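Coordinates as given in model-v5.tsv (TSV, C-alpha atoms):
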chain	number	residue	atom	x	y	z
A	1	MET	CA	-14.28	2.44	23.42
A	2	SER	CA	-11.50	1.41	25.79
A	3	GLY	CA	-10.06	-1.85	26.97
A	4	LEU	CA	-8.39	-2.92	23.74
A	5	ARG	CA	-5.40	-5.20	24.29
A	6	LEU	CA	-3.35	-6.38	21.32
A	7	TYR	CA	-1.21	-9.48	21.59
A	8	GLY	CA	1.40	-9.53	18.85
A	9	TYR	CA	5.00	-9.71	17.78
A	10	TRP	CA	6.94	-6.75	16.44
A	11	ARG	CA	8.03	-8.45	13.20
A	12	SER	CA	4.80	-10.35	12.52
A	13	SER	CA	3.19	-8.94	9.39
A	14	ALA	CA	-0.25	-9.97	10.65
A	15	SER	CA	0.33	-8.06	13.89
A	16	HIS	CA	1.75	-5.14	11.90
A	17	ARG	CA	-1.36	-4.74	9.75
A	18	VAL	CA	-3.62	-4.69	12.81
A	19	ARG	CA	-1.41	-2.06	14.45
A	20	ILE	CA	-1.76	0.05	11.31
A	21	ALA	CA	-5.55	-0.22	11.42
A	22	LEU	CA	-5.64	0.69	15.11
A	23	GLN	CA	-3.37	3.68	14.52
A	24	LEU	CA	-5.33	4.88	11.50
A	25	LYS	CA	-8.50	4.70	13.59
A	26	GLY	CA	-6.80	6.66	16.37
A	27	LEU	CA	-7.63	4.01	18.96
A	28	ALA	CA	-5.71	3.58	22.20
A	29	TYR	CA	-4.67	0.03	23.01
A	30	GLU	CA	-2.35	-1.91	25.28
A	31	TYR	CA	0.34	-3.86	23.45
A	32	VAL	CA	1.34	-7.25	24.87
A	33	PRO	CA	4.35	-8.82	23.13
A	34	VAL	CA	4.24	-12.54	22.34
A	35	HIS	CA	7.72	-13.73	21.37
A	36	LEU	CA	7.41	-16.24	18.54
A	37	ALA	CA	10.84	-17.82	19.11
A	38	HIS	CA	11.63	-17.52	22.83
A	39	GLU	CA	11.70	-20.96	24.51
A	40	GLY	CA	10.07	-22.56	21.50
A	41	GLY	CA	7.50	-19.81	21.03
A	42	GLU	CA	5.36	-18.08	23.63
A	43	GLN	CA	2.37	-18.48	21.33
A	44	PHE	CA	2.31	-22.17	22.31
A	45	SER	CA	2.01	-21.46	26.04
A	46	ALA	CA	-1.15	-22.52	27.86
A	47	ALA	CA	-1.85	-18.90	28.75
A	48	TYR	CA	-1.78	-17.73	25.16
A	49	ARG	CA	-3.60	-20.79	23.81
A	50	SER	CA	-6.46	-19.88	26.15
A	51	LEU	CA	-6.78	-16.69	24.09
A	52	ASN	CA	-6.09	-18.17	20.67
A	53	PRO	CA	-6.18	-21.96	20.31
A	54	GLN	CA	-4.50	-21.59	16.91
A	55	SER	CA	-1.32	-20.34	18.63
A	56	ARG	CA	-0.90	-17.45	16.23
A	57	VAL	CA	-0.67	-13.69	16.56
A	58	PRO	CA	-2.36	-11.33	16.65
A	59	ALA	CA	-5.21	-11.60	19.12
A	60	LEU	CA	-7.20	-8.57	20.22
A	61	GLU	CA	-9.09	-8.42	23.50
A	62	THR	CA	-12.18	-6.27	23.00
A	63	PRO	CA	-15.52	-5.58	24.71
A	64	ASP	CA	-16.88	-8.19	22.26
A	65	GLY	CA	-14.42	-10.82	23.46
A	66	VAL	CA	-11.09	-12.01	22.10
A	67	LEU	CA	-10.83	-11.65	18.32
A	68	THR	CA	-8.34	-13.54	16.16
A	69	GLN	CA	-7.29	-13.47	12.49
A	70	SER	CA	-6.06	-10.09	11.33
A	71	MET	CA	-8.66	-9.52	8.61
A	72	ALA	CA	-11.51	-10.31	11.00
A	73	ILE	CA	-10.01	-7.92	13.54
A	74	MET	CA	-9.66	-5.12	11.00
A	75	GLU	CA	-13.20	-5.65	9.71
A	76	TRP	CA	-14.44	-5.46	13.32
A	77	LEU	CA	-12.56	-2.20	13.79
A	78	GLU	CA	-14.17	-0.84	10.63
A	79	GLU	CA	-17.64	-1.87	11.75
A	80	THR	CA	-17.32	-0.58	15.31
A	81	HIS	CA	-15.34	2.58	14.44
A	82	PRO	CA	-16.42	3.51	10.90
A	83	GLU	CA	-14.54	6.83	10.87
A	84	PRO	CA	-12.01	7.35	9.53
A	85	ALA	CA	-12.99	4.72	6.99
A	86	LEU	CA	-10.68	1.93	5.88
A	87	LEU	CA	-13.05	0.89	3.09
A	88	PRO	CA	-14.42	2.99	0.21
A	89	ARG	CA	-18.13	3.71	0.06
A	90	GLU	CA	-18.80	2.02	-3.29
A	91	ALA	CA	-19.47	-1.73	-3.23
A	92	GLY	CA	-17.21	-2.48	-6.19
A	93	ALA	CA	-14.28	-0.57	-4.71
A	94	ARG	CA	-14.80	-2.27	-1.36
A	95	ALA	CA	-14.65	-5.65	-3.04
A	96	ARG	CA	-11.41	-4.72	-4.83
A	97	VAL	CA	-9.86	-3.57	-1.56
A	98	ARG	CA	-10.74	-6.89	0.03
A	99	ALA	CA	-9.43	-8.81	-2.97
A	100	MET	CA	-6.07	-7.04	-2.83
A	101	ALA	CA	-5.87	-7.61	0.91
A	102	GLN	CA	-6.57	-11.31	0.42
A	103	VAL	CA	-3.85	-11.65	-2.22
A	104	LEU	CA	-1.43	-10.71	0.54
A	105	VAL	CA	-3.14	-12.20	3.60
A	106	ALA	CA	-4.36	-15.48	2.14
A	107	ASP	CA	-2.03	-16.23	-0.77
A	108	VAL	CA	1.37	-14.71	0.07
A	109	GLN	CA	1.83	-14.36	3.80
A	110	PRO	CA	0.88	-17.94	4.79
A	111	LEU	CA	3.56	-19.40	2.51
A	112	GLN	CA	6.28	-17.33	4.17
A	113	ASN	CA	5.01	-17.99	7.68
A	114	VAL	CA	7.31	-19.38	10.38
A	115	SER	CA	5.19	-22.51	10.76
A	116	VAL	CA	5.57	-23.30	7.05
A	117	THR	CA	9.28	-22.60	6.82
A	118	ARG	CA	9.90	-24.55	10.03
A	119	TYR	CA	8.15	-27.53	8.47
A	120	LEU	CA	10.27	-27.18	5.32
A	121	HIS	CA	13.40	-27.24	7.48
A	122	GLU	CA	12.51	-29.85	10.09
A	123	HIS	CA	10.48	-32.34	8.06
A	124	LEU	CA	11.53	-31.81	4.45
A	125	HIS	CA	15.16	-31.07	5.38
A	126	GLN	CA	15.47	-27.92	3.30
A	127	ASP	CA	18.40	-25.65	4.09
A	128	GLU	CA	18.20	-21.89	4.58
A	129	ALA	CA	19.09	-21.16	0.95
A	130	ALA	CA	16.23	-23.33	-0.29
A	131	ILE	CA	13.81	-21.80	2.20
A	132	ASN	CA	14.78	-18.28	1.17
A	133	ALA	CA	14.27	-19.24	-2.48
A	134	TRP	CA	10.81	-20.54	-1.53
A	135	ARG	CA	9.96	-17.25	0.21
A	136	ARG	CA	11.16	-15.12	-2.68
A	137	GLU	CA	9.21	-17.19	-5.21
A	138	TRP	CA	5.84	-16.81	-3.52
A	139	VAL	CA	6.35	-13.23	-2.44
A	140	GLY	CA	7.36	-12.32	-5.98
A	141	ARG	CA	4.35	-14.03	-7.52
A	142	GLY	CA	1.95	-12.28	-5.18
A	143	LEU	CA	3.44	-8.83	-5.59
A	144	ALA	CA	3.55	-9.19	-9.38
A	145	ALA	CA	-0.17	-10.02	-9.43
A	146	LEU	CA	-0.96	-7.14	-7.10
A	147	GLU	CA	1.04	-4.72	-9.25
A	148	GLU	CA	-1.14	-5.69	-12.22
A	149	LEU	CA	-4.33	-5.25	-10.20
A	150	LEU	CA	-3.17	-1.81	-9.13
A	151	GLY	CA	-2.68	-0.90	-12.79
A	152	ARG	CA	-6.40	-1.38	-13.34
A	153	GLU	CA	-7.29	1.23	-10.70
A	154	THR	CA	-7.50	4.34	-12.86
A	155	GLN	CA	-8.52	6.70	-10.04
A	156	ARG	CA	-6.60	5.34	-7.09
A	157	GLY	CA	-4.27	8.26	-6.38
A	158	GLU	CA	-1.38	7.51	-4.01
A	159	PHE	CA	-2.94	4.45	-2.41
A	160	CYS	CA	-4.24	1.06	-3.52
A	161	VAL	CA	-7.85	1.86	-4.44
A	162	ALA	CA	-9.17	4.95	-2.68
A	163	PRO	CA	-7.68	8.43	-2.19
A	164	PHE	CA	-7.01	7.39	1.42
A	165	PRO	CA	-5.39	4.31	3.01
A	166	THR	CA	-7.63	1.26	3.13
A	167	LEU	CA	-7.38	-2.28	4.43
A	168	ALA	CA	-5.41	-3.12	1.29
A	169	ASP	CA	-2.74	-0.55	2.15
A	170	ALA	CA	-2.64	-1.79	5.74
A	171	CYS	CA	-1.85	-5.25	4.39
A	172	LEU	CA	0.59	-4.11	1.72
A	173	VAL	CA	3.03	-2.15	3.87
A	174	PRO	CA	3.84	-5.09	6.21
A	175	GLN	CA	4.32	-7.36	3.20
A	176	CYS	CA	6.76	-4.88	1.69
A	177	ALA	CA	8.77	-4.96	4.92
A	178	SER	CA	8.78	-8.77	4.89
A	179	ALA	CA	9.78	-8.84	1.24
A	180	ARG	CA	12.89	-6.80	1.93
A	181	ARG	CA	13.76	-9.01	4.87
A	182	PHE	CA	13.71	-11.97	2.49
A	183	GLY	CA	15.85	-10.21	-0.09
A	184	VAL	CA	13.04	-9.18	-2.44
A	185	GLU	CA	13.41	-5.58	-3.63
A	186	LEU	CA	10.40	-3.60	-4.79
A	187	ALA	CA	11.98	-1.89	-7.80
A	188	ALA	CA	10.25	-4.30	-10.16
A	189	TRP	CA	6.85	-3.08	-8.95
A	190	PRO	CA	6.81	0.73	-9.08
A	191	ARG	CA	3.14	1.10	-8.15
A	192	ILE	CA	3.67	-0.93	-4.97
A	193	ALA	CA	6.85	0.98	-4.15
A	194	GLY	CA	5.03	4.28	-4.58
A	195	ILE	CA	2.16	3.22	-2.34
A	196	GLU	CA	4.54	2.07	0.37
A	197	LYS	CA	6.32	5.44	0.24
A	198	ALA	CA	3.05	7.36	0.51
A	199	CYS	CA	1.86	5.23	3.43
A	200	ASN	CA	5.13	5.49	5.32
A	201	ALA	CA	4.86	9.29	5.21
A	202	ILE	CA	1.74	9.03	7.41
A	203	ALA	CA	2.24	9.21	11.17
A	204	ALA	CA	-0.10	6.27	11.85
A	205	PHE	CA	2.01	3.96	9.68
A	206	GLN	CA	5.17	5.26	11.34
A	207	ARG	CA	3.83	4.52	14.83
A	208	ALA	CA	2.81	1.00	13.76
A	209	ALA	CA	6.22	0.16	12.25
A	210	PRO	CA	8.01	-2.89	13.66
A	211	GLU	CA	11.01	-0.95	14.88
A	212	GLN	CA	8.75	1.31	16.98
A	213	GLN	CA	7.33	-1.52	19.09
A	214	SER	CA	8.42	-2.23	22.66
A	215	ASP	CA	9.68	-5.70	21.74
A	216	ALA	CA	11.60	-4.60	18.62
A	217	GLY	CA	14.79	-6.56	18.10
A	218	LYS	CA	14.00	-9.07	20.82
Could you rewrite the structure in this file as structure tokens?
Amino acid sequence: MSGLRLYGYWRSSASHRVRIALQLKGLAYEYVPVHLAHEGGEQFSAAYRSLNPQSRVPALETPDGVLTQSMAIMEWLEETHPEPALLPREAGARARVRAMAQVLVADVQPLQNVSVTRYLHEHLHQDEAAINAWRREWVGRGLAALEELLGRETQRGEFCVAPFPTLADACLVPQCASARRFGVELAAWPRIAGIEKACNAIAAFQRAAPEQQSDAGK
């Protein structure tokens, strides 16, 4: 399948996890940077809103139309390109992968998002120190819960649930990068730290890394 075009931002964790999934699947795609800060945010432009009325990244142009929301995009990739798999075969393991992914995607990442922290600053008049404390609190809570869930996976190997990277791993690695950016070190969660190390040894994760994108540092 050709004609995939990913709109994203190099440091966006949601964009990062979709890049990981695309790379793990071995799919070619065109990358279109959307700068989230330039001139108030290119995601708010009329051109981008025509793709994603929510004004968020990522968006993926596909033969099935424009897809939004990173988890929906990754599930679509899994359904349309089932090999290599990003979900285990067993129903229970698949559910646990999705649960771990949602801890990060639904419970942690939204509370550290630019739109939330901008509101804290502009409307609730919180300074940068307070906002950073907010980020560290919610990131820490989420990673602590995930570390405990990982401890229940008795046969997981190097990765979250399966002996290969899954959607949970694709969500975890970007969150680890964000955690460090906010001053949260991973030493307190050795299982998470070990999974990140194993993932980052894989070429697909390396190609998807923020610093490897054409808009890195911009």
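Of the listed residues A:Phe182, A:Tyr48, A:Phe205, A:Trp10, the one whose atoms come nearest to Trp138 (chain A) is A:Phe182, with distances taken using only C-alpha atoms.
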Q: List the neighbours of Leu27 (chain A) out to 12 Å using all atoms listed in the file; skip same-chain residues closer than 5 positions along the sequence, and give me the result as a ChimeraX atom specification.
A: /A:1-6,18-22,62,77-78,80-84,204
Q | Best match for closeness to Ile131 (chain A) among A:Pro163, A:Gly194, A:Pro58, A:Gly183, counting only C-alpha atoms | A |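 Distance minimum relative to Ile131 (chain A) lands on A:Gly183.
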(Q) Using Å and a single decimal, report how far CA of Gly8 (chain A) sits from CA of Leu67 (chain A). (A) 12.4 Å
(Q) Could you check the closest approach to Glu90 (chain A) for each of A:Ala170, A:Ala203, A:Val161, A:Ala188 and tell me which residue wins, using all atoms listed in the file? (A)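 Of the candidates, the smallest distance to Glu90 (chain A) is held by A:Val161.
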Q: Would you mind reading off the distance between CA of Glu39 (chain A) and CA of Val116 (chain A), one decimal, in Å?
A: 18.7 Å
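If you look at CA of Ala144 (chain A) and CA of Val105 (chain A), they are 14.9 Å away from each other.
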Q | Distance criterion (only C-alpha atoms): nearest to Arg181 (chain A) out of A:His35, A:Lys25, A:Arg135, A:Lys218 | A | A:Arg135
Q. In terms of the shortest atom-to-atom distance over only C-alpha atoms, which of A:Glu147, A:Trp76, A:Ala209, A:Arg98 is closest to Asp64 (chain A)?
A.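 Looking at the shortest contact to Asp64 (chain A), the residue is A:Trp76.
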Q. Within 12 Å of Arg94 (chain A), counting all atoms listed in the file, which residues qualify if same-chain residues fewer than 4 places away don't, as JSON, numbers by chain?
A. {"A": [75, 85, 86, 87, 88, 89, 90, 98, 99, 100, 101, 160, 161, 162, 166, 167, 168]}
Provide region 174-209 of chain A rebuilt to N, CA and C atoms, formatted as a PDB file, in the frame of the given file.
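Written output follows (out_19.pdb):
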ATOM      1  N   PRO A 174       3.110  -4.021   5.523  1.00  0.00           N
ATOM      2  CA  PRO A 174       3.840  -5.090   6.210  1.00  0.00           C
ATOM      3  C   PRO A 174       4.456  -6.108   5.257  1.00  0.00           C
ATOM      4  N   GLN A 175       3.758  -6.402   4.152  1.00  0.00           N
ATOM      5  CA  GLN A 175       4.320  -7.360   3.200  1.00  0.00           C
ATOM      6  C   GLN A 175       5.552  -6.795   2.516  1.00  0.00           C
ATOM      7  N   CYS A 176       5.564  -5.502   2.263  1.00  0.00           N
ATOM      8  CA  CYS A 176       6.760  -4.880   1.690  1.00  0.00           C
ATOM      9  C   CYS A 176       7.948  -5.019   2.643  1.00  0.00           C
ATOM     10  N   ALA A 177       7.700  -4.812   3.937  1.00  0.00           N
ATOM     11  CA  ALA A 177       8.770  -4.960   4.920  1.00  0.00           C
ATOM     12  C   ALA A 177       9.280  -6.395   4.956  1.00  0.00           C
ATOM     13  N   SER A 178       8.369  -7.357   4.906  1.00  0.00           N
ATOM     14  CA  SER A 178       8.780  -8.770   4.890  1.00  0.00           C
ATOM     15  C   SER A 178       9.542  -9.101   3.627  1.00  0.00           C
ATOM     16  N   ALA A 179       9.100  -8.564   2.501  1.00  0.00           N
ATOM     17  CA  ALA A 179       9.780  -8.840   1.240  1.00  0.00           C
ATOM     18  C   ALA A 179      11.241  -8.428   1.305  1.00  0.00           C
ATOM     19  N   ARG A 180      11.499  -7.254   1.822  1.00  0.00           N
ATOM     20  CA  ARG A 180      12.890  -6.800   1.930  1.00  0.00           C
ATOM     21  C   ARG A 180      13.691  -7.704   2.869  1.00  0.00           C
ATOM     22  N   ARG A 181      13.064  -8.131   3.929  1.00  0.00           N
ATOM     23  CA  ARG A 181      13.760  -9.010   4.870  1.00  0.00           C
ATOM     24  C   ARG A 181      14.169 -10.318   4.209  1.00  0.00           C
ATOM     25  N   PHE A 182      13.416 -10.729   3.213  1.00  0.00           N
ATOM     26  CA  PHE A 182      13.710 -11.970   2.490  1.00  0.00           C
ATOM     27  C   PHE A 182      14.551 -11.730   1.244  1.00  0.00           C
ATOM     28  N   GLY A 183      15.010 -10.507   1.053  1.00  0.00           N
ATOM     29  CA  GLY A 183      15.850 -10.210  -0.090  1.00  0.00           C
ATOM     30  C   GLY A 183      15.107  -9.900  -1.371  1.00  0.00           C
ATOM     31  N   VAL A 184      13.846  -9.540  -1.265  1.00  0.00           N
ATOM     32  CA  VAL A 184      13.040  -9.180  -2.440  1.00  0.00           C
ATOM     33  C   VAL A 184      12.921  -7.660  -2.473  1.00  0.00           C
ATOM     34  N   GLU A 185      13.495  -7.033  -3.481  1.00  0.00           N
ATOM     35  CA  GLU A 185      13.410  -5.580  -3.630  1.00  0.00           C
ATOM     36  C   GLU A 185      12.155  -5.210  -4.420  1.00  0.00           C
ATOM     37  N   LEU A 186      11.672  -4.012  -4.208  1.00  0.00           N
ATOM     38  CA  LEU A 186      10.400  -3.600  -4.790  1.00  0.00           C
ATOM     39  C   LEU A 186      10.540  -2.838  -6.100  1.00  0.00           C
ATOM     40  N   ALA A 187      11.771  -2.690  -6.595  1.00  0.00           N
ATOM     41  CA  ALA A 187      11.980  -1.890  -7.800  1.00  0.00           C
ATOM     42  C   ALA A 187      11.210  -2.416  -9.001  1.00  0.00           C
ATOM     43  N   ALA A 188      10.971  -3.715  -9.031  1.00  0.00           N
ATOM     44  CA  ALA A 188      10.250  -4.300 -10.160  1.00  0.00           C
ATOM     45  C   ALA A 188       8.778  -3.934 -10.176  1.00  0.00           C
ATOM     46  N   TRP A 189       8.277  -3.380  -9.071  1.00  0.00           N
ATOM     47  CA  TRP A 189       6.850  -3.080  -8.950  1.00  0.00           C
ATOM     48  C   TRP A 189       6.691  -1.620  -8.504  1.00  0.00           C
ATOM     49  N   PRO A 190       6.789  -0.692  -9.444  1.00  0.00           N
ATOM     50  CA  PRO A 190       6.810   0.730  -9.080  1.00  0.00           C
ATOM     51  C   PRO A 190       5.522   1.220  -8.426  1.00  0.00           C
ATOM     52  N   ARG A 191       4.386   0.664  -8.795  1.00  0.00           N
ATOM     53  CA  ARG A 191       3.140   1.100  -8.150  1.00  0.00           C
ATOM     54  C   ARG A 191       3.172   0.727  -6.666  1.00  0.00           C
ATOM     55  N   ILE A 192       3.579  -0.493  -6.368  1.00  0.00           N
ATOM     56  CA  ILE A 192       3.670  -0.930  -4.970  1.00  0.00           C
ATOM     57  C   ILE A 192       4.670  -0.072  -4.207  1.00  0.00           C
ATOM     58  N   ALA A 193       5.830   0.162  -4.814  1.00  0.00           N
ATOM     59  CA  ALA A 193       6.850   0.980  -4.150  1.00  0.00           C
ATOM     60  C   ALA A 193       6.334   2.378  -3.853  1.00  0.00           C
ATOM     61  N   GLY A 194       5.577   2.940  -4.786  1.00  0.00           N
ATOM     62  CA  GLY A 194       5.030   4.280  -4.580  1.00  0.00           C
ATOM     63  C   GLY A 194       4.000   4.318  -3.472  1.00  0.00           C
ATOM     64  N   ILE A 195       3.164   3.284  -3.403  1.00  0.00           N
ATOM     65  CA  ILE A 195       2.160   3.220  -2.340  1.00  0.00           C
ATOM     66  C   ILE A 195       2.835   3.087  -0.980  1.00  0.00           C
ATOM     67  N   GLU A 196       3.829   2.229  -0.900  1.00  0.00           N
ATOM     68  CA  GLU A 196       4.540   2.070   0.370  1.00  0.00           C
ATOM     69  C   GLU A 196       5.130   3.406   0.822  1.00  0.00           C
ATOM     70  N   LYS A 197       5.729   4.146  -0.104  1.00  0.00           N
ATOM     71  CA  LYS A 197       6.320   5.440   0.240  1.00  0.00           C
ATOM     72  C   LYS A 197       5.264   6.408   0.753  1.00  0.00           C
ATOM     73  N   ALA A 198       4.119   6.454   0.084  1.00  0.00           N
ATOM     74  CA  ALA A 198       3.050   7.360   0.510  1.00  0.00           C
ATOM     75  C   ALA A 198       2.518   6.980   1.891  1.00  0.00           C
ATOM     76  N   CYS A 199       2.361   5.690   2.131  1.00  0.00           N
ATOM     77  CA  CYS A 199       1.860   5.230   3.430  1.00  0.00           C
ATOM     78  C   CYS A 199       2.857   5.547   4.542  1.00  0.00           C
ATOM     79  N   ASN A 200       4.118   5.300   4.280  1.00  0.00           N
ATOM     80  CA  ASN A 200       5.130   5.490   5.320  1.00  0.00           C
ATOM     81  C   ASN A 200       5.371   6.960   5.655  1.00  0.00           C
ATOM     82  N   ALA A 201       4.800   7.864   4.872  1.00  0.00           N
ATOM     83  CA  ALA A 201       4.860   9.290   5.210  1.00  0.00           C
ATOM     84  C   ALA A 201       3.773   9.696   6.203  1.00  0.00           C
ATOM     85  N   ILE A 202       2.866   8.773   6.507  1.00  0.00           N
ATOM     86  CA  ILE A 202       1.740   9.030   7.410  1.00  0.00           C
ATOM     87  C   ILE A 202       2.126   8.614   8.823  1.00  0.00           C
ATOM     88  N   ALA A 203       1.824   9.465   9.794  1.00  0.00           N
ATOM     89  CA  ALA A 203       2.240   9.210  11.170  1.00  0.00           C
ATOM     90  C   ALA A 203       1.702   7.892  11.717  1.00  0.00           C
ATOM     91  N   ALA A 204       0.485   7.518  11.349  1.00  0.00           N
ATOM     92  CA  ALA A 204      -0.100   6.270  11.850  1.00  0.00           C
ATOM     93  C   ALA A 204       0.721   5.058  11.414  1.00  0.00           C
ATOM     94  N   PHE A 205       1.174   5.061  10.176  1.00  0.00           N
ATOM     95  CA  PHE A 205       2.010   3.960   9.680  1.00  0.00           C
ATOM     96  C   PHE A 205       3.370   3.976  10.397  1.00  0.00           C
ATOM     97  N   GLN A 206       3.887   5.154  10.650  1.00  0.00           N
ATOM     98  CA  GLN A 206       5.170   5.260  11.340  1.00  0.00           C
ATOM     99  C   GLN A 206       5.074   4.701  12.759  1.00  0.00           C
ATOM    100  N   ARG A 207       3.996   5.018  13.471  1.00  0.00           N
ATOM    101  CA  ARG A 207       3.830   4.520  14.830  1.00  0.00           C
ATOM    102  C   ARG A 207       3.641   3.007  14.874  1.00  0.00           C
ATOM    103  N   ALA A 208       3.071   2.442  13.814  1.00  0.00           N
ATOM    104  CA  ALA A 208       2.810   1.000  13.760  1.00  0.00           C
ATOM    105  C   ALA A 208       4.007   0.193  13.291  1.00  0.00           C
ATOM    106  N   ALA A 209       5.071   0.848  12.843  1.00  0.00           N
ATOM    107  CA  ALA A 209       6.220   0.160  12.250  1.00  0.00           C
ATOM    108  C   ALA A 209       6.862  -0.800  13.253  1.00  0.00           C
TER     109      ALA A 209
END
